[in-house]
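Student: One structure coming up, written as structure tokens, with questions to follow.
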Amino acid sequence: MQVTREELLHIAKLADLELDESEVDNYLANLEDILNFANIVNNAPVEGLDITIGANEAKNVFRKDEVKVFKDNESLLENAPDKAQNMFKIPKVIE
Amino acid sequence: MDITELTVHELQEKLKNKELTSYDITKAYIDRMNEKEKDVQAFVTTLEDDALEQAKKIDEEIKAGEVEGNFAGIPIGIKDNICTKGVKTTCSSRMLENFVSPYDATVVEKLNDEKMINLGKLNMDEFAMGGSTEYSYFKKTRNPWNLNKVPGGSSGGSAAAVASRMVPWALGSDTGGSIRQPSSFCGVVGLKPTYGLVSRYGLVAFASSLDQIGPITKDVYDSAMLLNIIAGHDDRDTTSSNQEKIDYTKCLKNDVKGLKIGIPKEFFGEGINEEVKASLEKAIEIYKELGAEVEEFSLDIAKYSLAIYYIIACAEASSNLGRFDGIRYGYRAKDFKDLKDLYRKSRSEGFGPEVKRRIILGTYVLSSGYYDAYYKKAQQVRTLVMNEFNKAFEKYDVLLTPTSPTVAFDIGSKSNNPLEMYLADICTVSVNIGGLPGISIPCGVDKEGMPIGMQLIGNKFQEGTILNAAYTYEQKTKFRENHKPTFRKGEE
């Protein structure tokens with residue numbers, strides 16, 4: 001499985017990651033190795049098999065849509081890298 | 001008497017008889033930590049002062065007859081991806097270096113309800129991605145049996161701390177073997193419960209359809225006790241199961257007569273170290289002597305499982321780790337042009353190389369053009385794996401395999417070769433793919449004295465069966481009495 005440099009950079013962009021040159025070379029080689037190994041799934045006898053999305057029975061779990069108030073705003077904001085007036089602060093998004 | 005040599009069930013007895021106080025126990029572990037942590041490096045955060053203060057308080061409450069809990073005053077260590085209110089939860093990542101959870105994980109609430117004492121948060125591979133604890137942003141934990149070797153991972157801090165007696169027991173998490181493999185490498189007992197038995201609420205998500213929290217302990221009885229504490233339904237985890245509560249210690253019968261043990265021969269084939277194989281073969285003979293019915297059979301899923309594990313786990317991780325954007329919590333880059341640049345720089349600087357590798361792989365297999373070829377195919381193969389396990393459990397009660405193809409390897413020997421590191425998970429990942437319970441117990445040492453682990457796999461929610469099988473073997477062989485970590489530094 002050949003992954004091109006352009007493909008890798010595109011994927012990194014989708015994942016919001018910036019890679020430097022040495023990382024690109026490294027990950028290209030790793031991805032190729034891993035995907036080559038992963039290709040054995042193509043030999044698996046899966047004709048007609050459904051997909052499995054989880055380890056236990058796939059069923060919906062419902063609950064009442066009730067508002068629960070989390071009161072400890074202070075400790076939430078304690079983790080904010082930047083904050084102002086009891087809110088998370090981000091760079092300007094509208095010019 | 002060295003307090004730290006005792007198991008938790010022994011400590012519990014001595015607390016009850018008033019032979020020991022919680023302070024005695026907590027102090028003994030902290031002294032041990034002060035002696036060994038410089039060599040082993042198992043902790044990200046230690047809580048000596050808080051722990052001692054809490055122990056004193058609990059002793060007073062015990063004296064006043066105000067405490068009824070069975071585990072009040074017993075210390076524990078917690079893997080650093082399990083949220084603890086007011087104490088840092090870093091996932092051994094720069095991304096969460098200063099993160100303090102505003103709430104407790106459900107399992108931590110349960111420990112607190114028992115009035116147990118948190119001794120500290122234990123090192124791990126960053127975001128639980130790895131099999132050696134070398135991918136921690138902070139430090140490399142060392143194997144107490146040989147300090148030049150890895151403790152395994154990702155719960156390497158938890159396993160090493162239990163093995164070196166710096167904590168009496170610990171919580172780990174297991175997505176593809178992260179409890180069982182380090183337990184095997186460190187000569188302790190590690191249990192990955194059935195998916196859904198233990199709440200994942202407050203466990204920092206890696207791969208949500210595979211993650212489970214479980215106990216790492218000195219012996220099987222302690223494992224059953226800790227599972228008793230943490231198991232149970234939780235509304236806050238929609239995948240949490242509604243099983244009836246079981247007292248797992250009551251399942252420990254010290255009897256395996258008639259137990260049907262299946263030996264999947266593919267798990268003993270290519271890539272399995274000869275000494276590991278020989279040790280497992282001896283264990284199989286012991287089970288036969290104990291009256292179990294042992295039979296070899298074919299379960300050709302190990303390689304498929306490993307391949308789909310890395311597809312599914314990385315796909316889920318790429319989605320789960322999308323939340324780390326440098327806004328509400330976690331690392332934020334210093335210089336950025338705009339919001340998008342803030343996200344990108346914060347994530348690129350905050351995540352380590354293995355985490356980025358898996359996010360990229362996960363994003364790749366989910367991207368249009370590859371989704372069907374990899375992700376969808378992997379989900380189909382997951383059905384195949386589950387079907388094969390179902391067939392196996394129609395015939396057998398327990399499946400027996402090595403926990404890892406090798407004993408603990410040298411620090412640095414695999415960290416630059418991701419695929420080789422992934423191959424070390426070949427015996428454990430299928431259990432997570434199937435959502436089954438699996439336990440690793442020590443079954444011998446190699447010629448260099450490094451522990452070898454045996455894995456027992458059960459059908460869904462049959463923890464009692466594998467715990468009993470493990471217990472019966474342990475009672476017969478007494479590994480802990482015959483083998484102890486030496487803390488030696490490489491070849492001496």
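Going by the structure tokens order, chains are called A, B, ..., each with residues numbered from 1, while ligands are numbered from 1 in the order shown.
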Could you write out as a ChimeraX atom specification the residues of chain A within 8 Å of chain B, counting only C-alpha atoms?

Tutor: /A:8,11-12,14-19,27,30-31,33-34,37-42,44-46,49-56,61,72,75-77,79-82,88-93

Student: With a distance cut-off of 8 Å and only C-alpha atoms, select the neighbouring residues of Glu32 of chain A, excluding the residue or stretch itself and same-chain residues fewer than 2 positions from it, and output the selection as a ChimeraX atom specification.

Tutor: /A:1-3,28-30,34-36

Student: Write down as a VMD selection string the residues belonging to chain A that are assigned alpha helix (DSSP H) by DSSP computed on the backbone.

Tutor: chain A and resid 5 to 14 21 to 38 73 to 78

Student: Distance atom CA of Pro193 of chain B-atom CA of Ile213 of chain B, one decimal place?

Tutor: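 Distance reported for this atom pair: 7.4 Å.
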
Student: May I ask which of the residues A:Lys71, A:Lys83, A:Arg5, A:Arg63 is the closest one to Glu23 of chain A, counting only C-alpha atoms?

Tutor: A:Arg5

Student: Point out the residue among B:Val40, B:Leu197, B:Ala55, B:Val355 with the least atom-to-atom distance to Ser164 of chain B, counting only C-alpha atoms.

Tutor: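 With only C-alpha atoms as the atom set, the closest residue is B:Val40.
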